[in-house]
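Below is the file entry-v1.tsv, which contains TSV, C-alpha atoms.
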chain	number	residue	atom	x	y	z
A	1	MET	CA	38.83	146.72	150.07
A	2	ALA	CA	42.11	148.27	148.95
A	3	SER	CA	43.86	146.70	146.01
A	4	THR	CA	47.34	145.19	146.13
A	5	ARG	CA	48.58	148.16	144.09
A	6	LEU	CA	47.24	150.63	146.67
A	7	VAL	CA	48.92	148.78	149.55
A	8	PHE	CA	52.25	148.76	147.71
A	9	CYS	CA	51.78	152.39	146.79
A	10	GLY	CA	51.19	153.21	150.44
A	11	LEU	CA	54.53	151.67	151.34
A	12	LEU	CA	56.23	153.90	148.79
A	13	ILE	CA	54.57	156.97	150.23
A	14	LEU	CA	55.59	155.96	153.75
A	15	ALA	CA	59.19	155.88	152.59
A	16	SER	CA	58.70	159.28	150.99
A	17	THR	CA	57.21	160.66	154.19
A	18	PHE	CA	60.21	159.46	156.17
A	19	THR	CA	62.48	161.20	153.69
A	20	ILE	CA	60.52	164.42	154.11
A	21	GLY	CA	60.99	164.19	157.86
A	22	CYS	CA	64.63	163.23	157.92
A	23	GLY	CA	66.36	165.20	155.24
A	24	SER	CA	64.05	167.75	153.75
A	25	HIS	CA	62.75	171.15	154.78
A	26	SER	CA	60.11	173.60	153.81
A	27	ASN	CA	62.36	175.81	151.74
A	28	LYS	CA	63.89	173.06	149.62
A	29	ILE	CA	63.00	172.78	145.91
A	30	GLY	CA	59.83	170.68	145.72
A	31	THR	CA	59.12	167.38	144.01
A	32	CYS	CA	56.57	166.72	141.31
A	33	THR	CA	53.09	165.28	141.66
A	34	ALA	CA	52.90	161.86	143.32
A	35	ASN	CA	51.85	158.80	141.34
A	36	CYS	CA	49.34	157.30	143.76
A	37	PRO	CA	46.72	158.29	146.36
A	38	GLU	CA	47.86	159.35	149.80
A	39	GLU	CA	46.70	161.23	152.87
A	40	GLN	CA	48.08	164.75	152.67
A	41	ALA	CA	47.77	167.91	154.72
A	42	ILE	CA	48.85	171.55	154.61
A	43	TYR	CA	49.51	173.12	158.02
A	44	ALA	CA	49.34	176.87	158.61
A	45	THR	CA	50.32	178.95	161.60
A	46	THR	CA	48.13	182.01	162.14
A	47	ASN	CA	48.09	185.47	163.65
A	48	SER	CA	45.35	184.43	166.10
A	49	GLY	CA	46.89	181.59	168.13
A	50	GLN	CA	45.68	178.67	166.01
A	51	ILE	CA	47.33	176.06	163.83
A	52	LEU	CA	45.18	175.09	160.86
A	53	THR	CA	45.22	171.63	159.26
A	54	PHE	CA	43.87	171.54	155.70
A	55	PRO	CA	43.16	168.10	154.23
A	56	PHE	CA	44.78	168.12	150.79
A	57	PRO	CA	43.44	165.37	148.51
A	58	LEU	CA	45.01	164.99	145.10
A	59	GLY	CA	43.40	167.53	142.81
A	60	TYR	CA	44.71	170.98	143.79
A	61	LYS	CA	42.10	171.75	146.44
A	62	LEU	CA	42.35	172.45	150.17
A	63	LEU	CA	39.37	171.25	152.21
A	64	THR	CA	37.90	172.91	155.32
A	65	PRO	CA	40.61	173.09	158.00
A	66	SER	CA	40.52	171.81	161.54
A	67	THR	CA	42.07	173.99	164.25
A	68	THR	CA	44.47	173.35	167.10
A	69	ALA	CA	45.47	175.85	169.77
A	70	GLY	CA	48.97	177.14	169.11
A	71	PRO	CA	51.24	180.17	169.18
A	72	ALA	CA	50.28	183.42	167.48
A	73	ASN	CA	52.41	185.01	164.74
A	74	SER	CA	54.73	182.03	164.29
A	75	ALA	CA	57.08	182.24	161.31
A	76	GLY	CA	58.34	178.68	161.65
A	77	ILE	CA	56.68	175.28	161.26
A	78	LEU	CA	58.45	172.05	160.33
A	79	VAL	CA	57.27	168.45	159.87
A	80	PHE	CA	59.61	165.67	161.01
A	81	GLY	CA	58.03	162.25	160.66
A	82	SER	CA	54.89	162.36	162.80
A	83	MET	CA	56.15	165.34	164.81
A	84	VAL	CA	55.42	168.97	163.96
A	85	TYR	CA	57.63	171.68	165.47
A	86	VAL	CA	56.34	175.25	165.70
A	87	SER	CA	58.11	178.46	166.76
A	88	ASP	CA	56.39	180.35	169.58
A	89	PRO	CA	57.72	183.92	169.42
A	90	GLY	CA	55.48	185.15	172.22
A	91	ASN	CA	57.03	182.76	174.75
A	92	SER	CA	60.51	182.24	173.24
A	93	THR	CA	59.90	178.49	172.91
A	94	ILE	CA	59.49	175.69	170.40
A	95	ARG	CA	56.22	173.78	170.68
A	96	VAL	CA	55.77	170.17	169.60
A	97	TYR	CA	52.65	168.58	168.07
A	98	ILE	CA	51.75	165.12	166.81
A	99	ALA	CA	50.29	164.71	163.33
A	100	ASN	CA	47.38	162.27	163.07
A	101	ASN	CA	47.37	160.27	159.83
A	102	GLN	CA	43.95	158.74	160.51
A	103	GLN	CA	42.02	161.97	160.98
A	104	PRO	CA	43.36	165.35	159.89
A	105	GLY	CA	44.53	167.50	162.75
A	106	LEU	CA	47.30	168.03	165.27
A	107	SER	CA	47.44	167.27	168.96
A	108	PRO	CA	49.93	168.71	171.47
A	109	ALA	CA	52.79	166.34	172.28
A	110	SER	CA	53.42	165.31	175.87
A	111	VAL	CA	56.87	166.94	175.68
A	112	GLY	CA	57.78	170.60	175.63
A	113	PRO	CA	57.53	173.47	175.12
A	114	PHE	CA	61.28	173.98	174.88
A	115	ALA	CA	62.75	177.37	175.80
A	116	ILE	CA	65.50	178.87	173.65
A	117	GLY	CA	66.01	182.15	175.50
A	118	ALA	CA	65.38	184.22	172.36
A	119	THR	CA	62.61	184.82	169.85
A	120	PRO	CA	62.40	181.84	167.45
A	121	GLY	CA	61.63	182.29	163.77
A	122	ALA	CA	62.20	180.09	160.75
A	123	LEU	CA	63.02	176.39	161.17
A	124	ALA	CA	65.10	173.94	159.14
A	125	SER	CA	66.36	170.42	159.71
A	126	PHE	CA	69.10	168.07	158.66
A	127	GLY	CA	69.21	164.49	159.89
A	128	GLN	CA	68.10	164.51	163.52
A	129	THR	CA	69.03	168.16	164.04
A	130	LEU	CA	66.56	171.04	164.20
A	131	TYR	CA	67.85	174.54	163.45
A	132	VAL	CA	66.02	177.64	164.70
A	133	ALA	CA	66.66	181.16	163.37
A	134	ASN	CA	66.62	184.16	165.67
A	135	SER	CA	66.43	187.69	164.26
A	136	GLY	CA	69.09	188.73	166.77
A	137	GLY	CA	71.59	186.85	164.61
A	138	GLU	CA	71.81	183.39	166.21
A	139	ILE	CA	71.03	179.85	165.07
A	140	PHE	CA	69.92	177.47	167.81
A	141	ALA	CA	70.47	173.75	167.22
A	142	PHE	CA	68.69	170.81	168.86
A	143	THR	CA	68.72	167.06	168.52
A	144	MET	CA	65.20	165.78	167.80
A	145	ASN	CA	64.64	162.68	169.93
A	146	SER	CA	62.29	159.81	169.08
A	147	ASP	CA	59.61	161.07	171.49
A	148	GLY	CA	59.70	164.53	169.92
A	149	SER	CA	61.69	166.13	172.73
A	150	LEU	CA	64.58	168.46	171.96
A	151	THR	CA	68.10	168.36	173.39
A	152	GLY	CA	70.30	171.41	172.92
A	153	LEU	CA	73.42	170.78	170.87
A	154	ALA	CA	76.84	171.57	172.33
A	155	GLY	CA	78.08	174.93	171.06
A	156	SER	CA	74.57	176.21	170.31
A	157	PRO	CA	73.65	178.96	169.55
A	158	PHE	CA	75.86	179.66	166.54
A	159	ALA	CA	76.47	183.27	165.47
A	160	ALA	CA	75.01	184.43	162.15
A	161	GLY	CA	74.17	188.00	161.06
A	162	MET	CA	71.80	190.91	161.70
A	163	GLY	CA	68.13	190.22	161.11
A	164	LEU	CA	68.56	186.50	160.44
A	165	SER	CA	65.26	185.47	158.85
A	166	HIS	CA	65.45	182.31	156.71
A	167	LEU	CA	67.44	179.07	156.67
A	168	ALA	CA	68.20	176.53	153.94
A	169	VAL	CA	70.15	173.27	153.81
A	170	ALA	CA	72.26	172.22	150.80
A	171	ASN	CA	73.21	168.57	150.39
A	172	LEU	CA	76.32	168.20	148.26
A	173	THR	CA	77.93	164.89	147.36
A	174	ASN	CA	80.55	164.97	150.11
A	175	SER	CA	79.41	167.78	152.42
A	176	ASN	CA	76.30	169.46	153.80
A	177	PHE	CA	75.84	173.16	154.43
A	178	LEU	CA	73.40	175.50	156.18
A	179	TYR	CA	72.72	179.02	154.90
A	180	GLY	CA	71.03	181.91	156.68
A	181	SER	CA	69.82	185.22	155.20
A	182	ASN	CA	70.75	188.31	157.21
A	183	SER	CA	68.01	190.76	156.19
A	184	ASP	CA	69.26	193.70	158.30
A	185	ASP	CA	72.93	193.47	157.33
A	186	PRO	CA	73.92	196.58	155.30
A	187	ASN	CA	75.80	194.22	152.96
A	188	GLY	CA	72.72	192.07	152.42
A	189	SER	CA	74.73	189.05	153.48
A	190	ILE	CA	74.30	185.28	153.61
A	191	SER	CA	75.89	183.32	156.47
A	192	ALA	CA	77.27	179.91	155.48
A	193	PHE	CA	78.06	176.95	157.74
A	194	THR	CA	79.38	173.44	157.31
A	195	ILE	CA	77.09	170.93	159.02
A	196	ASN	CA	79.28	168.58	161.03
A	197	SER	CA	78.49	164.91	161.65
A	198	ASN	CA	76.93	165.70	165.05
A	199	GLY	CA	74.78	168.51	163.60
A	200	SER	CA	76.94	171.34	164.95
A	201	LEU	CA	77.89	174.23	162.68
A	202	THR	CA	81.26	175.59	161.58
A	203	PRO	CA	81.41	178.88	159.63
A	204	VAL	CA	82.54	178.49	156.03
A	205	GLN	CA	85.70	180.42	155.24
A	206	GLY	CA	84.74	183.82	153.80
A	207	SER	CA	81.29	183.84	155.41
A	208	PRO	CA	79.17	185.96	155.39
A	209	PHE	CA	78.84	186.44	151.63
A	210	SER	CA	77.43	189.72	150.30
A	211	THR	CA	74.52	190.07	147.86
A	212	VAL	CA	73.89	193.77	147.11
A	213	PRO	CA	74.14	196.71	149.55
A	214	ASN	CA	70.98	196.96	151.67
A	215	GLY	CA	69.38	194.25	149.55
A	216	GLY	CA	67.39	192.86	152.47
A	217	PRO	CA	67.87	189.12	151.80
A	218	GLU	CA	64.94	186.96	152.91
A	219	GLY	CA	63.76	183.65	151.42
A	220	LEU	CA	66.33	181.06	150.36
A	221	ASN	CA	66.06	178.12	147.99
A	222	VAL	CA	68.42	175.39	146.80
A	223	SER	CA	68.11	173.98	143.28
A	224	GLY	CA	69.80	170.79	142.21
A	225	GLU	CA	72.97	170.17	144.15
A	226	ASN	CA	74.85	173.43	143.92
A	227	ASP	CA	72.72	176.50	143.23
A	228	LEU	CA	71.44	178.81	145.98
A	229	TYR	CA	68.89	181.56	145.33
A	230	VAL	CA	68.05	184.45	147.66
A	231	ALA	CA	65.04	186.80	147.60
A	232	LEU	CA	66.10	190.45	147.93
A	233	LYS	CA	63.11	192.37	149.27
A	234	ASN	CA	64.70	195.84	149.01
A	235	ALA	CA	66.24	195.27	145.57
A	236	ASN	CA	63.14	193.70	143.95
A	237	ALA	CA	65.34	190.89	142.71
A	238	VAL	CA	66.63	187.35	143.20
A	239	ALA	CA	70.34	186.76	143.74
A	240	GLY	CA	71.85	183.50	142.51
A	241	PHE	CA	74.99	181.76	143.75
A	242	SER	CA	76.90	178.62	142.88
A	243	ILE	CA	77.75	176.56	145.95
A	244	ASN	CA	81.39	175.53	145.85
A	245	GLY	CA	82.70	172.29	147.31
A	246	ASP	CA	83.76	174.01	150.52
A	247	GLY	CA	80.37	175.72	150.94
A	248	SER	CA	81.53	179.14	149.79
A	249	LEU	CA	79.33	181.08	147.38
A	250	SER	CA	80.15	182.47	143.93
A	251	PRO	CA	77.69	184.79	142.14
A	252	ILE	CA	76.00	183.32	139.06
A	253	ALA	CA	76.57	185.36	135.90
A	254	GLY	CA	73.79	187.90	135.46
A	255	SER	CA	72.83	187.91	139.14
A	256	PRO	CA	70.82	189.55	140.62
A	257	PHE	CA	67.78	188.79	138.46
A	258	SER	CA	64.86	191.21	138.26
A	259	ALA	CA	61.62	190.30	140.08
A	260	GLY	CA	58.45	192.08	141.22
A	261	LYS	CA	58.27	194.55	144.08
A	262	GLY	CA	59.24	193.42	147.58
A	263	THR	CA	60.57	189.95	146.74
A	264	LEU	CA	60.13	188.03	149.97
A	265	SER	CA	60.16	184.25	149.51
A	266	LEU	CA	61.14	181.50	147.10
A	267	SER	CA	60.04	178.00	146.24
A	268	GLY	CA	60.32	175.83	143.16
A	269	CYS	CA	60.61	172.49	141.47
A	270	ASP	CA	63.23	170.22	139.92
A	271	CYS	CA	60.76	168.45	137.62
A	272	GLY	CA	62.25	165.95	135.22
A	273	PRO	CA	64.01	167.83	132.42
A	274	ASN	CA	62.82	171.22	133.68
A	275	ALA	CA	63.52	173.24	136.78
A	276	PHE	CA	61.64	176.35	137.89
A	277	LEU	CA	61.93	178.94	140.63
A	278	PHE	CA	58.96	180.96	141.93
A	279	ALA	CA	59.32	184.21	143.88
A	280	SER	CA	56.52	185.87	145.84
A	281	ASN	CA	56.54	189.66	145.67
A	282	SER	CA	54.88	191.14	148.75
A	283	LEU	CA	54.49	194.76	147.62
A	284	ASP	CA	52.71	194.23	144.30
A	285	GLY	CA	50.98	190.90	145.04
A	286	THR	CA	52.62	188.94	142.23
A	287	ILE	CA	54.64	185.78	141.62
A	288	SER	CA	57.75	185.94	139.44
A	289	ALA	CA	58.46	182.66	137.64
A	290	TYR	CA	61.83	181.60	136.24
A	291	SER	CA	63.26	178.67	134.35
A	292	ILE	CA	66.61	177.49	135.70
A	293	ASP	CA	69.45	176.61	133.33
A	294	ALA	CA	70.69	173.25	134.60
A	295	SER	CA	74.30	173.85	133.64
A	296	THR	CA	74.79	177.49	134.63
A	297	GLY	CA	72.05	178.21	137.19
A	298	LEU	CA	71.02	181.23	135.11
A	299	LEU	CA	67.42	182.40	135.70
A	300	ALA	CA	65.16	183.41	132.80
A	301	GLN	CA	61.70	184.81	133.52
A	302	THR	CA	58.95	182.79	131.90
A	303	SER	CA	56.50	184.37	129.47
A	304	GLY	CA	53.90	186.44	131.32
A	305	SER	CA	55.94	186.79	134.53
A	306	PRO	CA	55.29	188.28	137.01
A	307	PHE	CA	51.82	186.74	137.43
A	308	THR	CA	49.01	188.31	139.44
A	309	ALA	CA	48.72	186.53	142.80
A	310	THR	CA	47.90	187.93	146.24
A	311	THR	CA	49.50	189.94	149.04
A	312	ALA	CA	51.34	187.19	150.87
A	313	SER	CA	51.64	187.15	154.66
A	314	GLY	CA	54.12	184.27	154.66
A	315	ASP	CA	56.40	182.28	152.40
A	316	VAL	CA	55.27	180.65	149.18
A	317	LEU	CA	55.11	176.83	149.27
A	318	PHE	CA	55.39	174.54	146.22
A	319	VAL	CA	54.15	171.00	146.77
A	320	GLU	CA	52.49	168.31	144.64
A	321	GLY	CA	52.47	170.50	141.57
A	322	GLU	CA	50.82	173.50	143.23
A	323	LEU	CA	51.90	176.82	144.74
A	324	PHE	CA	50.28	178.06	147.95
A	325	LEU	CA	50.39	181.63	149.26
A	326	PRO	CA	48.94	182.62	152.66
A	327	ASP	CA	47.05	185.92	152.80
A	328	ALA	CA	46.27	186.99	156.37
A	329	SER	CA	44.51	190.16	155.19
A	330	SER	CA	41.70	188.08	153.66
A	331	ASN	CA	41.96	184.98	155.92
A	332	THR	CA	42.65	182.80	152.90
A	333	ILE	CA	45.29	180.66	151.21
A	334	SER	CA	45.57	181.13	147.47
A	335	GLY	CA	46.48	178.22	145.21
A	336	PHE	CA	48.21	178.42	141.83
A	337	VAL	CA	49.08	175.69	139.34
A	338	PRO	CA	52.34	176.12	137.43
A	339	ASN	CA	52.66	174.61	133.98
A	340	LEU	CA	55.74	172.48	134.50
A	341	SER	CA	56.65	172.54	130.83
A	342	ASN	CA	56.87	176.32	130.42
A	343	GLY	CA	56.58	177.80	133.95
A	344	SER	CA	53.39	179.78	133.36
A	345	ILE	CA	51.03	180.08	136.35
A	346	SER	CA	47.24	179.93	136.59
A	347	ALA	CA	44.89	180.09	139.58
A	348	ALA	CA	43.79	176.76	141.04
A	349	ALA	CA	40.11	175.83	140.87
A	350	SER	CA	38.18	176.94	143.98
A	351	SER	CA	41.05	179.22	145.04
A	352	PRO	CA	41.32	181.12	147.32
A	353	PHE	CA	40.68	178.62	150.11
A	354	GLN	CA	39.01	179.98	153.24
A	355	ALA	CA	41.13	179.79	156.39
A	356	GLY	CA	38.89	181.55	158.93
A	357	SER	CA	42.02	182.98	160.53
A	358	GLY	CA	45.05	184.86	159.23
A	359	PRO	CA	47.49	182.23	157.88
A	360	LEU	CA	51.25	182.83	158.06
A	361	ALA	CA	53.81	180.00	157.76
A	362	LEU	CA	52.93	176.86	155.77
A	363	ALA	CA	54.15	173.25	155.89
A	364	TYR	CA	53.23	169.99	154.14
A	365	SER	CA	52.96	166.36	155.24
A	366	ALA	CA	51.99	163.10	153.57
A	367	PHE	CA	50.93	159.79	155.10
A	368	PRO	CA	50.24	156.34	153.63
A	369	PRO	CA	46.59	155.54	152.94
A	370	LEU	CA	44.93	153.37	155.56
A	371	ASP	CA	44.31	149.74	154.61
A	372	PRO	CA	41.46	149.16	155.16
A	373	PRO	CA	40.43	152.82	154.94

When written as structure tokens, how does the structure in this file appear?
Amino acid sequence: MASTRLVFCGLLILASTFTIGCGSHSNKIGTCTANCPEEQAIYATTNSGQILTFPFPLGYKLLTPSTTAGPANSAGILVFGSMVYVSDPGNSTIRVYIANNQQPGLSPASVGPFAIGATPGALASFGQTLYVANSGGEIFAFTMNSDGSLTGLAGSPFAAGMGLSHLAVANLTNSNFLYGSNSDDPNGSISAFTINSNGSLTPVQGSPFSTVPNGGPEGLNVSGENDLYVALKNANAVAGFSINGDGSLSPIAGSPFSAGKGTLSLSGCDCGPNAFLFASNSLDGTISAYSIDASTGLLAQTSGSPFTATTASGDVLFVEGELFLPDASSNTISGFVPNLSNGSISAAASSPFQAGSGPLALAYSAFPPLDPP
């Protein structure tokens, strides 16, 4: 029943899905809308011990979610191929699930849970390595095996800073780096590490790098190859840095850039000739939108920013041309559609989407369409 074009298109999406699993992460600048149909899903951890799976057909709408038993109050969920890793703060473990590309939903893997001996938070990955943030100031590193099991990396955990909350990976031409925001550090610092060939971490000389005193750095985002942006919840601003060849950070001229109140998370898009950054502001329920100067990294707020949004309970997620914000207070996920020519934001049709449970951390996956369906 499927046409030759659809079969070929499915192969392209499969390759894209593998890329998402192997080198990408939830806080990386997003890609633009796909060119062909695919099976897509948005996953959400919740405050009630469930993981929600929302079917996400092309067209900016989340369908009714299915539920899977999972940890409560998880701040970390990451898709790696067909495996989904979730932080379990109540039991100091990482849980593993299998994504089903034939029928939306997750099922527990036969491996795990894996203890880390501390409270896990945000997750990031590079290659076969999973990185786990702990608010006590440590980054745990694991090799992700083909069956989904985790093997602790030699030298793990690696020391970061006070109140470590978010992680981001930067892929430069000759080197790869991991950054962590230390939200409780009086200097508002960012820890920087070189990612070695085996996935282990070595501190970058000069790390940690300061933002503003008591800035409360939270969400991180990488744009292009060498710009890093940091949400400053206590300064109501976004700090911008150029990533140097050795992984050290240099402030971008004009940084920090004004945002709404309680700037908590970042996401964005490198979309053809334009690049945009979006910041969720937790205290006034808005989204600040910026255009990014490709040569300097300078941020300029778009006309109408900040835009009315919702009180977010987790990080903003940009995917397939849409922004999603979880709102646990109303048991919904709000969707917004940025205009990728000028950065303005409007509410998605049918938004907010009912969750039935308080959503927190979000993640995205895509699978090839079945042939035959």

From the list A:Ser92, A:Ser110, A:Ser282, A:Asn182, which residue is nearest Ser135 of chain A when using all atoms listed in the file? A:Asn182

Between atom CA of Gly297 of chain A and atom CA of Pro273 of chain A, distance in Å (one decimal):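 So the answer is 14.0 Å.
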
For Gly105 of chain A, please output as an mmCIF file with C-alpha atoms, keeping the file's coordinate frame all residues within 9 Å (counting all atoms listed in the file; exclusion window: fewer than 5 positions along the same chain).
data_model
loop_
_atom_site.group_PDB
_atom_site.id
_atom_site.type_symbol
_atom_site.label_atom_id
_atom_site.label_comp_id
_atom_site.auth_asym_id
_atom_site.auth_seq_id
_atom_site.Cartn_x
_atom_site.Cartn_y
_atom_site.Cartn_z
ATOM 1 C CA ALA A 41 47.770 167.910 154.720
ATOM 2 C CA TYR A 43 49.510 173.120 158.020
ATOM 3 C CA LEU A 52 45.180 175.090 160.860
ATOM 4 C CA THR A 53 45.220 171.630 159.260
ATOM 5 C CA PHE A 54 43.870 171.540 155.700
ATOM 6 C CA PRO A 55 43.160 168.100 154.230
ATOM 7 C CA PRO A 65 40.610 173.090 158.000
ATOM 8 C CA SER A 66 40.520 171.810 161.540
ATOM 9 C CA THR A 67 42.070 173.990 164.250
ATOM 10 C CA THR A 68 44.470 173.350 167.100
ATOM 11 C CA ILE A 98 51.750 165.120 166.810
ATOM 12 C CA ALA A 99 50.290 164.710 163.330
ATOM 13 C CA ASN A 100 47.380 162.270 163.070
#

Quick one: pull the distance between atom CA of Gly268 of chain A and atom CA of Val222 of chain A, Å, one decimal.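 Atom CA of Val222 of chain A lies at a distance of 8.9 Å from atom CA of Gly268 of chain A.
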
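Among A:Leu264, A:Asn176, A:Ala192, A:Thr296, the residue with the shortest atom-to-atom distance to Asp227 of chain A, counting only C-alpha atoms, is A:Thr296.
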
Counting all atoms listed in the file, which of A:Gly343, A:Pro251, A:Pro256, A:Gly262 gets nearest to Ile292 of chain A? A:Gly343

What is the distance, in Å and to one decimal place, between atom CA of Thr45 of chain A and atom CA of Thr310 of chain A?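 Taking atom CA of Thr45 of chain A as the start and atom CA of Thr310 of chain A as the end point, the length is 18.0 Å.
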
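Minimum distance to Leu325 of chain A across A:Leu340, A:Ala355, A:Leu299, A:Val79 (counting all atoms listed in the file) occurs at A:Ala355.
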
Pick from A:Ser156, A:Pro306, A:Asn244, A:Gln40: nearest to Lys61 of chain A, with only C-alpha atoms counted?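 With only C-alpha atoms as the atom set, the closest residue is A:Gln40.
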
Every residue with an atom at most 6 Å from (55.5, 183.2, 153.6) (file coordinates; only C-alpha atoms) is what I'm after, so could you write them as a ChimeraX atom specification? /A:313-316,361

Non-local contacts of Ile116 of chain A (8 Å; only C-alpha atoms; under 3 positions in same chain excluded) as a PDB file with C-alpha atoms, keeping the file's coordinate frame:
ATOM      1  CA  SER A  92      60.510 182.240 173.240  1.00  0.00           C
ATOM      2  CA  THR A  93      59.900 178.490 172.910  1.00  0.00           C
ATOM      3  CA  ILE A  94      59.490 175.690 170.400  1.00  0.00           C
ATOM      4  CA  THR A 119      62.610 184.820 169.850  1.00  0.00           C
ATOM      5  CA  PRO A 120      62.400 181.840 167.450  1.00  0.00           C
ATOM      6  CA  PHE A 140      69.920 177.470 167.810  1.00  0.00           C
TER       7      PHE A 140
END

Proximity of segment 71-182 of chain A to segment 204-216 of chain A: per-residue shortest pair, 9 Å limit, only C-alpha atoms, as JSON lines:
{"residue": "A:Ala160", "atom": "CA", "partner": "A:Pro208", "partner_atom": "CA", "distance": 8.1}
{"residue": "A:Gly161", "atom": "CA", "partner": "A:Pro208", "partner_atom": "CA", "distance": 7.8}
{"residue": "A:Phe177", "atom": "CA", "partner": "A:Val204", "partner_atom": "CA", "distance": 8.7}
{"residue": "A:Ser181", "atom": "CA", "partner": "A:Gly216", "partner_atom": "CA", "distance": 8.5}
{"residue": "A:Asn182", "atom": "CA", "partner": "A:Gly216", "partner_atom": "CA", "distance": 7.4}

Counting only C-alpha atoms, what is within 9 Å of Ala133 of chain A, bar same-chain residues fewer than 6 positions away, as a list of chain:residue names? A:Gly76, A:Thr119, A:Pro120, A:Gly121, A:Ala122, A:Leu123, A:Ala124, A:Ile139, A:Phe140, A:Leu164, A:Ser165, A:His166, A:Leu167, A:Gly180

List the spatial neighbours of Leu360 of chain A as number ranges by chain - criterion: any atom at most 12 Å away, only C-alpha atoms, same-chain residues fewer than 2 positions off excluded. A: 43-52, 71-77, 86-87, 121-122, 311-317, 324-333, 355, 357-358, 362-363

Spatial neighbours of Thr194 of chain A, max dist 12 Å, only C-alpha atoms, sep filter under 5 positions, as an MDAnalysis selection string: chainID A and resid 126 158 169:172 174:180 199:205 207 243:248

Which protein, DNA or RNA residues are at most 7 Å from (57.0, 191.8, 148.1) in the file's coordinates when you count all atoms listed in the file, listed as a list in words? Lys233, Lys261, Gly262, Thr263, Leu264, Ser280, Asn281, Ser282, Leu283, Asp284 and Gly285 of chain A

Prev. selection, C-alpha atoms, output as a PDB file, in the coordinates of the input:
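Saved the output as selection.pdb:
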ATOM      1  CA  LYS A 233      63.110 192.370 149.270  1.00  0.00           C
ATOM      2  CA  LYS A 261      58.270 194.550 144.080  1.00  0.00           C
ATOM      3  CA  GLY A 262      59.240 193.420 147.580  1.00  0.00           C
ATOM      4  CA  THR A 263      60.570 189.950 146.740  1.00  0.00           C
ATOM      5  CA  LEU A 264      60.130 188.030 149.970  1.00  0.00           C
ATOM      6  CA  SER A 280      56.520 185.870 145.840  1.00  0.00           C
ATOM      7  CA  ASN A 281      56.540 189.660 145.670  1.00  0.00           C
ATOM      8  CA  SER A 282      54.880 191.140 148.750  1.00  0.00           C
ATOM      9  CA  LEU A 283      54.490 194.760 147.620  1.00  0.00           C
ATOM     10  CA  ASP A 284      52.710 194.230 144.300  1.00  0.00           C
ATOM     11  CA  GLY A 285      50.980 190.900 145.040  1.00  0.00           C
TER      12      GLY A 285
END
